[in-house]
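Data from query39.txt: compact mmCIF, C-alpha atoms
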```
# COMPACT_ATOMS: atom_id res chain seq x y z
CA MET A 372 147.86 57.56 -86.72
CA ALA A 373 149.77 54.55 -87.95
CA LEU A 374 153.08 53.71 -86.41
CA ALA A 375 155.89 54.02 -88.87
CA GLN A 376 159.02 51.97 -88.59
CA SER A 377 162.35 53.14 -89.88
CA ASP A 378 164.86 51.06 -91.79
CA ASP A 379 166.91 50.74 -88.62
CA SER A 380 164.02 49.11 -86.81
CA VAL A 381 164.20 51.75 -84.14
CA LEU A 382 160.65 51.07 -83.13
CA ASP A 383 160.32 48.31 -80.60
CA PRO A 384 157.79 45.55 -81.43
CA ASN A 385 156.15 46.32 -78.11
CA ALA A 386 155.15 49.65 -79.57
CA THR A 387 151.94 47.98 -80.62
CA LEU A 388 150.76 48.18 -77.00
CA ALA A 389 147.43 49.82 -76.38
CA PRO A 390 147.36 53.61 -76.47
CA ASN A 391 147.83 55.34 -73.15
CA ALA A 392 146.20 58.69 -73.63
CA THR A 393 142.81 60.08 -72.74
CA GLY A 394 140.97 63.28 -73.53
CA GLN A 395 140.33 65.39 -76.58
CA CYS A 396 143.85 66.37 -77.48
CA THR A 397 146.41 65.44 -80.07
CA ALA A 398 150.10 65.06 -79.38
CA SER A 399 152.78 63.56 -81.55
CA ALA A 400 156.42 63.88 -82.50
CA THR A 401 158.00 62.69 -85.72
CA ILE A 402 161.62 61.72 -85.28
CA ALA A 403 163.78 62.95 -88.16
CA GLY A 404 164.32 60.12 -90.61
CA GLY A 405 162.34 57.82 -88.42
CA PHE A 406 158.89 57.31 -87.04
CA THR A 407 156.11 59.07 -85.21
CA ILE A 408 155.62 58.96 -81.46
CA ASP A 409 151.96 59.26 -80.65
CA PRO A 410 150.49 58.32 -77.26
CA TYR A 411 147.05 58.13 -78.87
CA ALA A 412 148.37 55.38 -81.16
CA SER A 413 150.52 53.33 -78.83
CA SER A 414 152.05 53.42 -75.37
CA GLY A 415 154.84 51.08 -76.43
CA VAL A 416 158.57 51.60 -76.17
CA TYR A 417 159.92 53.97 -78.78
CA VAL A 418 163.66 53.64 -79.33
CA VAL A 419 165.10 57.03 -80.25
CA PRO A 420 168.64 58.01 -81.25
CA ILE A 421 170.85 59.71 -78.65
CA THR A 422 171.32 62.59 -81.08
CA GLY A 423 168.52 63.78 -83.31
CA SER A 424 165.60 66.06 -83.88
CA ALA A 425 161.86 65.82 -84.12
CA ASN A 426 158.91 67.80 -85.33
CA TYR A 427 156.23 67.92 -82.70
CA THR A 428 152.65 69.05 -82.69
CA GLY A 429 149.92 69.18 -80.10
CA SER A 430 146.44 70.61 -79.79
CA VAL A 431 143.45 70.73 -77.50
CA ALA A 432 139.85 70.64 -78.65
CA VAL A 433 138.59 73.85 -77.03
CA ALA A 434 137.64 77.30 -78.24
CA GLU A 435 140.60 79.63 -78.70
CA GLY A 436 140.94 82.49 -76.26
CA THR A 437 142.62 83.51 -73.05
CA ARG A 438 141.60 81.13 -70.29
CA PRO A 439 142.99 79.43 -67.19
CA ALA A 440 144.86 76.41 -68.48
CA SER A 441 148.14 74.72 -67.79
CA GLY A 442 150.11 71.66 -68.67
CA LYS A 443 153.49 70.04 -68.84
CA VAL A 444 155.52 67.28 -70.40
CA GLU A 445 157.93 65.53 -68.08
CA ILE A 446 160.03 62.45 -67.52
CA LYS A 447 158.71 60.29 -64.72
CA THR A 448 161.07 59.65 -61.83
CA PRO A 449 160.88 57.38 -58.77
CA PRO A 450 158.47 58.44 -56.01
CA GLY A 451 160.01 61.12 -53.83
CA ILE A 452 162.27 62.45 -56.58
CA PRO A 453 161.03 65.46 -58.56
CA SER A 454 160.08 64.69 -62.15
CA ILE A 455 162.38 65.95 -64.86
CA THR A 456 160.89 68.73 -66.92
CA LEU A 457 162.69 69.07 -70.21
CA ASP A 458 162.74 72.90 -70.26
CA ASP A 459 160.39 75.87 -69.99
CA GLN A 460 159.12 75.15 -73.48
CA TRP A 461 157.42 72.02 -72.11
CA THR A 462 155.40 73.68 -69.38
CA TRP A 463 152.61 76.17 -69.96
CA GLY A 464 150.05 78.15 -68.00
CA PRO A 465 148.56 79.37 -65.74
CA GLU A 466 146.89 81.33 -68.58
CA VAL A 467 146.80 80.13 -72.15
CA THR A 468 145.48 81.76 -75.30
CA GLY A 469 146.15 79.30 -78.10
CA VAL A 470 144.84 75.81 -78.64
CA GLY A 471 147.85 74.22 -80.24
CA LYS A 472 151.56 74.24 -80.57
CA ALA A 473 154.04 72.93 -83.10
CA GLY A 474 157.74 73.18 -83.63
CA THR A 475 161.02 71.39 -83.87
CA VAL A 476 163.12 70.10 -81.03
CA SER A 477 166.63 68.75 -81.31
CA TRP A 478 168.85 67.02 -78.81
CA GLU A 479 172.44 65.89 -78.47
CA LEU A 480 172.76 63.91 -75.29
CA SER A 481 175.89 62.78 -73.49
CA ASP A 482 177.52 59.48 -74.37
CA TRP A 483 177.39 58.77 -70.65
CA LEU A 484 173.62 58.43 -70.78
CA PRO A 485 172.64 54.78 -70.22
CA ARG A 486 171.07 53.22 -73.32
CA ASP A 487 168.18 50.83 -73.59
CA VAL A 488 166.66 52.18 -70.36
CA GLU A 489 162.95 52.77 -70.58
CA LEU A 490 161.88 56.26 -69.59
CA THR A 491 158.25 57.20 -69.18
CA ILE A 492 157.45 60.58 -70.69
CA SER A 493 154.07 61.84 -69.61
CA GLY A 494 152.06 64.85 -70.58
CA VAL A 495 149.01 66.48 -69.10
CA HIS A 496 146.87 69.47 -70.04
CA ASN A 497 144.44 71.12 -67.62
CA GLU A 498 141.54 73.42 -68.50
CA ASN A 499 139.95 75.44 -65.68
CA GLY A 500 141.86 73.45 -63.11
CA ALA A 501 140.66 70.04 -64.25
CA ILE A 502 142.55 67.47 -66.27
CA PHE A 503 141.49 67.85 -69.89
CA CYS A 504 143.78 65.23 -71.39
CA GLU A 505 146.79 63.20 -70.42
CA GLY A 506 148.95 60.46 -71.80
CA SER A 507 152.34 58.84 -71.71
CA VAL A 508 154.80 56.94 -73.85
CA LYS A 509 157.89 54.94 -73.05
CA VAL A 510 161.13 55.96 -74.70
CA SER A 511 164.59 54.46 -74.59
CA PHE A 512 167.82 55.53 -76.25
CA ASP A 513 169.22 53.45 -79.03
CA GLY A 514 172.13 51.19 -78.10
CA SER A 515 173.11 48.55 -75.60
CA PRO A 516 173.80 49.03 -71.89
CA TRP A 517 177.53 48.58 -72.60
CA ASP A 518 177.63 51.67 -74.83
CA SER A 519 177.71 53.89 -71.77
CA PRO A 520 180.71 54.12 -69.38
CA ILE A 521 178.17 54.25 -66.58
CA THR A 522 177.62 50.48 -66.87
CA PRO A 523 181.13 49.21 -66.02
CA LEU A 524 181.51 51.99 -63.43
CA SER A 525 178.29 50.99 -61.74
CA LEU A 526 179.17 47.29 -61.77
CA GLY A 527 182.62 48.10 -60.37
CA GLY A 528 181.08 50.27 -57.71
CA THR A 529 178.71 47.47 -56.79
CA ALA A 530 181.62 45.05 -56.37
CA LEU A 531 183.63 47.54 -54.28
CA ALA A 532 180.67 48.40 -52.07
CA LEU A 533 179.89 44.70 -51.61
CA GLY A 534 183.50 44.04 -50.65
CA GLY A 535 183.51 46.96 -48.24
CA LEU A 536 180.26 45.81 -46.67
CA ALA A 537 181.65 42.29 -46.26
CA TRP A 538 184.75 43.76 -44.57
CA THR A 539 182.68 45.77 -42.11
CA ALA A 540 180.53 42.71 -41.41
CA ARG A 541 183.50 40.53 -40.45
CA SER A 542 183.97 39.90 -36.77
CA LYS A 543 187.16 41.04 -35.01
CA ALA A 544 188.27 37.44 -34.54
CA ALA A 545 187.93 36.73 -38.25
CA ALA A 546 189.71 39.89 -39.31
CA MET B 427 185.61 48.67 -34.51
CA MET B 428 184.19 52.19 -34.47
CA VAL B 429 185.51 52.77 -37.99
CA LYS B 430 183.64 49.71 -39.23
CA ARG B 431 180.44 50.89 -37.59
CA ILE B 432 180.72 54.17 -39.46
CA LEU B 433 181.76 52.64 -42.77
CA GLY B 434 179.16 49.85 -42.65
CA PRO B 435 176.14 52.05 -43.34
CA ILE B 436 178.14 54.02 -45.92
CA PHE B 437 179.10 50.87 -47.83
CA GLY B 438 175.51 49.65 -47.50
CA LEU B 439 174.16 52.90 -48.92
CA LEU B 440 176.63 52.80 -51.80
CA LEU B 441 175.76 49.17 -52.49
CA GLY B 442 172.06 50.07 -52.61
CA ILE B 443 172.68 52.98 -54.97
CA PHE B 444 174.92 51.00 -57.32
CA LEU B 445 172.55 48.02 -57.29
CA ALA B 446 169.65 50.31 -58.18
CA VAL B 447 171.65 51.75 -61.09
CA ASP B 448 172.65 48.24 -62.23
CA PHE B 449 169.04 47.09 -62.10
CA ILE B 450 167.87 50.12 -64.10
CA ILE B 451 170.58 49.70 -66.72
CA PHE B 452 169.85 46.03 -67.26
CA GLY B 453 166.09 46.47 -67.22
CA VAL B 454 165.41 44.62 -63.98
CA ILE B 455 163.46 47.56 -62.60
CA ALA B 456 161.93 50.60 -64.26
CA PHE B 457 163.56 54.03 -64.00
CA ASP B 458 160.53 55.36 -62.14
CA SER B 459 160.23 52.33 -59.84
CA VAL B 460 159.93 52.89 -56.10
CA LEU B 461 162.76 50.36 -55.68
CA VAL B 462 165.18 53.03 -56.93
CA VAL B 463 164.55 54.83 -53.65
CA VAL B 464 164.01 51.77 -51.47
CA LEU B 465 167.23 49.91 -52.32
CA PRO B 466 169.65 52.58 -50.97
CA VAL B 467 167.59 52.85 -47.77
CA VAL B 468 167.63 49.07 -47.35
CA GLY B 469 171.38 49.10 -48.01
CA LEU B 470 171.92 51.80 -45.39
CA VAL B 471 170.00 49.83 -42.75
CA LEU B 472 171.57 46.52 -43.74
CA GLY B 473 175.05 48.03 -43.62
CA GLY B 474 174.39 49.39 -40.15
CA VAL B 475 173.07 46.07 -38.88
CA LEU B 476 175.96 44.10 -40.38
CA ALA B 477 178.56 46.51 -39.02
CA PHE B 478 177.12 46.33 -35.49
CA THR B 479 176.53 42.57 -35.40
CA SER B 480 179.61 41.52 -37.44
CA PRO B 481 178.11 38.14 -38.27
CA LEU B 482 180.75 37.05 -40.79
CA GLY B 483 183.62 34.91 -39.57
CA LYS B 484 182.16 34.20 -36.15
CA THR B 485 182.71 30.62 -34.94
CA SER B 486 180.27 28.74 -32.75
CA THR B 487 181.37 28.37 -29.12
CA VAL B 488 178.79 25.70 -28.25
CA GLY B 489 180.53 22.53 -27.05
CA THR B 490 184.04 23.62 -27.98
CA GLY B 491 184.78 26.51 -25.68
CA ASP B 492 187.82 28.74 -25.99
CA THR B 493 190.91 26.63 -25.53
CA GLY B 494 193.09 29.64 -24.77
CA ASP B 495 191.04 30.62 -21.75
CA THR B 496 190.72 27.00 -20.60
CA ILE B 497 194.45 26.69 -20.38
CA ALA B 498 195.00 30.07 -18.80
CA GLU B 499 192.50 29.71 -15.96
CA PRO B 500 194.02 26.60 -14.29
CA GLN B 501 197.42 28.25 -14.48
CA ASP B 502 196.06 31.30 -12.68
CA ASP B 503 194.24 29.14 -10.15
CA SER B 504 197.24 26.98 -9.42
CA ALA B 505 199.35 30.06 -8.97
CA ALA B 506 196.79 31.40 -6.50
CA ILE B 507 196.66 28.12 -4.57
CA THR B 508 200.44 27.94 -4.41
CA SER B 509 200.54 31.48 -3.18
CA ASP B 510 197.88 30.81 -0.53
CA GLY B 511 199.57 27.62 0.54
CA ALA B 512 202.94 29.24 0.96
```
This structure in structure tokens:
Amino acid sequence: MALAQSDDSVLDPNATLAPNATGQCTASATIAGGFTIDPYASSGVYVVPITGSANYTGSVAVAEGTRPASGKVEIKTPPGIPSITLDDQWTWGPEVTGVGKAGTVSWELSDWLPRDVELTISGVHNENGAIFCEGSVKVSFDGSPWDSPITPLSLGGTALALGGLAWTARSKAAA
Amino acid sequence: MMVKRILGPIFGLLLGIFLAVDFIIFGVIAFDSVLVVVLPVVGLVLGGVLAFTSPLGKTSTVGTGDTGDTIAEPQDDSAAITSDGA
């Protein structure tokens, strides 16, 4: 599937990176008024609006019928911190009947959310307990780091913490 | 002194957390990087070490000595000698 680019150039040039998906599945999401996210086309950074909607579709190349299968779509987090699962709609199993899913998802995220931060969204589908297909894409929210109040707060917190640490590190004679 | 030893690790932890957030926001490290977890731990340890060793503001005593003590000791000694001699 070709990568489409909107008039607002919301698709990062790095989106031409090699695909990062394996297995006999399809998975894609078309951002309203924008472009299509497809891990089988590119693993690059897709810049999405902080408020929007998308039509998504996914399928697995197996015979339809009730069978042991499971899967999930999640946002990758640092090691030791549980991954963020979007909601129950994005996890399935332990028994599955269908072989595909499609629908519309919309979002309206907080202005506090840091922009231009790359998030890795990964998906995996298991059939009979074994990985059938998996893939990931990188997504960031449109805007600059200064669009979120988190940025000045974090920088201020860094300065205060650094000052506090310097104070505690001063010897009694110097104080 | 005790207050500093308690606050040191806390400030170190906060510094590590805020630095991790800064680095994520400005793209220095990835959101799912292990450094997001490591930096606060390093800050906690560093804060503890700095609070207990208090390395900032210390002056070297090699060759210079403490002039206050140098003056005080002869005064004490002379007072003792005078007392003994009396």
Listed atoms of region 404-415 of chain A, axis-aligned box, 5 Å per side: centre and edge lengths to one decimal in Å, as JSON?
```
{"center_x": 155.7, "center_y": 55.6, "center_z": -83.0, "size_x": 27.3, "size_y": 19.0, "size_z": 25.2}
```
Sorted per-residue table, chain B near chain A, closest atoms and distance, 7 Å, only C-alpha atoms, as a tab-separated table:
```
residue	atom	partner	partner_atom	distance
B:Lys430	CA	A:Thr539	CA	5.0
B:Leu433	CA	A:Thr539	CA	7.0
B:Gly434	CA	A:Thr539	CA	5.4
B:Phe437	CA	A:Ala532	CA	5.2
B:Gly438	CA	A:Leu536	CA	6.2
B:Leu440	CA	A:Ala532	CA	6.0
B:Leu441	CA	A:Ala532	CA	5.0
B:Phe444	CA	A:Thr529	CA	5.2
B:Leu445	CA	A:Thr529	CA	6.2
B:Val447	CA	A:Ser525	CA	6.7
B:Asp448	CA	A:Ser525	CA	6.3
B:Ile450	CA	A:Val488	CA	6.7
B:Ile451	CA	A:Val488	CA	5.9
B:Phe452	CA	A:Pro516	CA	6.8
B:Gly453	CA	A:Val488	CA	6.5
B:Ala456	CA	A:Glu489	CA	6.8
B:Phe457	CA	A:Leu490	CA	6.2
B:Asp458	CA	A:Pro449	CA	3.9
B:Ser459	CA	A:Pro449	CA	5.2
B:Val460	CA	A:Pro449	CA	5.3
B:Val462	CA	A:Pro449	CA	6.4
B:Val463	CA	A:Pro449	CA	6.8
B:Gly473	CA	A:Leu536	CA	6.4
B:Leu476	CA	A:Ala540	CA	4.9
B:Ala477	CA	A:Ala540	CA	4.9
B:Ser480	CA	A:Ala540	CA	4.2
B:Pro481	CA	A:Ala540	CA	6.0
B:Leu482	CA	A:Arg541	CA	4.4
B:Gly483	CA	A:Ala545	CA	4.9
B:Lys484	CA	A:Ser542	CA	6.0
```
Generate the output file for the selected residues, C-alpha atoms, as an mmCIF file, in the coordinates of the input.
```cif
data_model
loop_
_atom_site.group_PDB
_atom_site.id
_atom_site.type_symbol
_atom_site.label_atom_id
_atom_site.label_comp_id
_atom_site.auth_asym_id
_atom_site.auth_seq_id
_atom_site.Cartn_x
_atom_site.Cartn_y
_atom_site.Cartn_z
ATOM 1 C CA LYS B 430 183.640 49.710 -39.230
ATOM 2 C CA LEU B 433 181.760 52.640 -42.770
ATOM 3 C CA GLY B 434 179.160 49.850 -42.650
ATOM 4 C CA PHE B 437 179.100 50.870 -47.830
ATOM 5 C CA GLY B 438 175.510 49.650 -47.500
ATOM 6 C CA LEU B 440 176.630 52.800 -51.800
ATOM 7 C CA LEU B 441 175.760 49.170 -52.490
ATOM 8 C CA PHE B 444 174.920 51.000 -57.320
ATOM 9 C CA LEU B 445 172.550 48.020 -57.290
ATOM 10 C CA VAL B 447 171.650 51.750 -61.090
ATOM 11 C CA ASP B 448 172.650 48.240 -62.230
ATOM 12 C CA ILE B 450 167.870 50.120 -64.100
ATOM 13 C CA ILE B 451 170.580 49.700 -66.720
ATOM 14 C CA PHE B 452 169.850 46.030 -67.260
ATOM 15 C CA GLY B 453 166.090 46.470 -67.220
ATOM 16 C CA ALA B 456 161.930 50.600 -64.260
ATOM 17 C CA PHE B 457 163.560 54.030 -64.000
ATOM 18 C CA ASP B 458 160.530 55.360 -62.140
ATOM 19 C CA SER B 459 160.230 52.330 -59.840
ATOM 20 C CA VAL B 460 159.930 52.890 -56.100
ATOM 21 C CA VAL B 462 165.180 53.030 -56.930
ATOM 22 C CA VAL B 463 164.550 54.830 -53.650
ATOM 23 C CA GLY B 473 175.050 48.030 -43.620
ATOM 24 C CA LEU B 476 175.960 44.100 -40.380
ATOM 25 C CA ALA B 477 178.560 46.510 -39.020
ATOM 26 C CA SER B 480 179.610 41.520 -37.440
ATOM 27 C CA PRO B 481 178.110 38.140 -38.270
ATOM 28 C CA LEU B 482 180.750 37.050 -40.790
ATOM 29 C CA GLY B 483 183.620 34.910 -39.570
ATOM 30 C CA LYS B 484 182.160 34.200 -36.150
#
```
Would you mind listing what lies within 10 Å of region 460-467 of chain A as a list in words, with only C-alpha atoms counted and same-chain residues fewer than 2 positions away left out?
Glu435, Gly436, Thr437, Arg438, Pro439, Ala440, Ser441, Gly442, Lys443, Val444, Glu445, Thr456, Leu457, Asp458, Gly469, Val470, Val476, Gly494, Val495, His496, Asn497, Glu498, Asn499 and Gly500 of chain A
Take the point (152.2, 73.2, -80.1) as written in the file and pick out every residue within 6 Å of it, counting all atoms listed in the file; give the list as a list in words.
Thr428, Gly429, Gly471, Lys472 and Ala473 of chain A
The selected residues should be written to file as an mmCIF file, in the coordinates of the input (atoms: C-alpha atoms).
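Heads up, here's the output in part-v9.cif:
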```
data_model
loop_
_atom_site.group_PDB
_atom_site.id
_atom_site.type_symbol
_atom_site.label_atom_id
_atom_site.label_comp_id
_atom_site.auth_asym_id
_atom_site.auth_seq_id
_atom_site.Cartn_x
_atom_site.Cartn_y
_atom_site.Cartn_z
ATOM 1 C CA THR A 428 152.650 69.050 -82.690
ATOM 2 C CA GLY A 429 149.920 69.180 -80.100
ATOM 3 C CA GLY A 471 147.850 74.220 -80.240
ATOM 4 C CA LYS A 472 151.560 74.240 -80.570
ATOM 5 C CA ALA A 473 154.040 72.930 -83.100
#
```
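Taking CA of Gly423 (chain A) and CA of Lys509 (chain A) as the two end points, the separation is 17.2 Å.
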For CA of Ser481 (chain A) and CA of Thr422 (chain A), the interatomic separation in Å (one decimal):
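If I compute the distance from CA of Ser481 (chain A) to CA of Thr422 (chain A), I get 8.9 Å.
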Skipping near chain neighbours, those fewer than 6 positions away, what residues fall within 9 Å of region 399-401 of chain A using all atoms listed in the file, listed as a ChimeraX atom specification?
/A:407-411,424-429,475
Point-to-point distance from CA of Leu472 (chain B) to CA of Arg431 (chain B), Å rounded to tenths:
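According to the coordinates, CA of Leu472 (chain B) and CA of Arg431 (chain B) are separated by 11.6 Å.
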Residues at most 9 Å from Val467 (chain B), counting only C-alpha atoms, excluding those fewer than 2 positions away in the same chain, as a ChimeraX atom specification?
/B:438-439,442-443,463-465,469-472
Selection: 12 Å around Pro420 (chain A), only C-alpha atoms, excl. self and same-chain fewer than 4 positions, as a PyMOL selection string:
chain A and resi 377+379-382+402-406+424-425+477-482+484+486-487+510-515
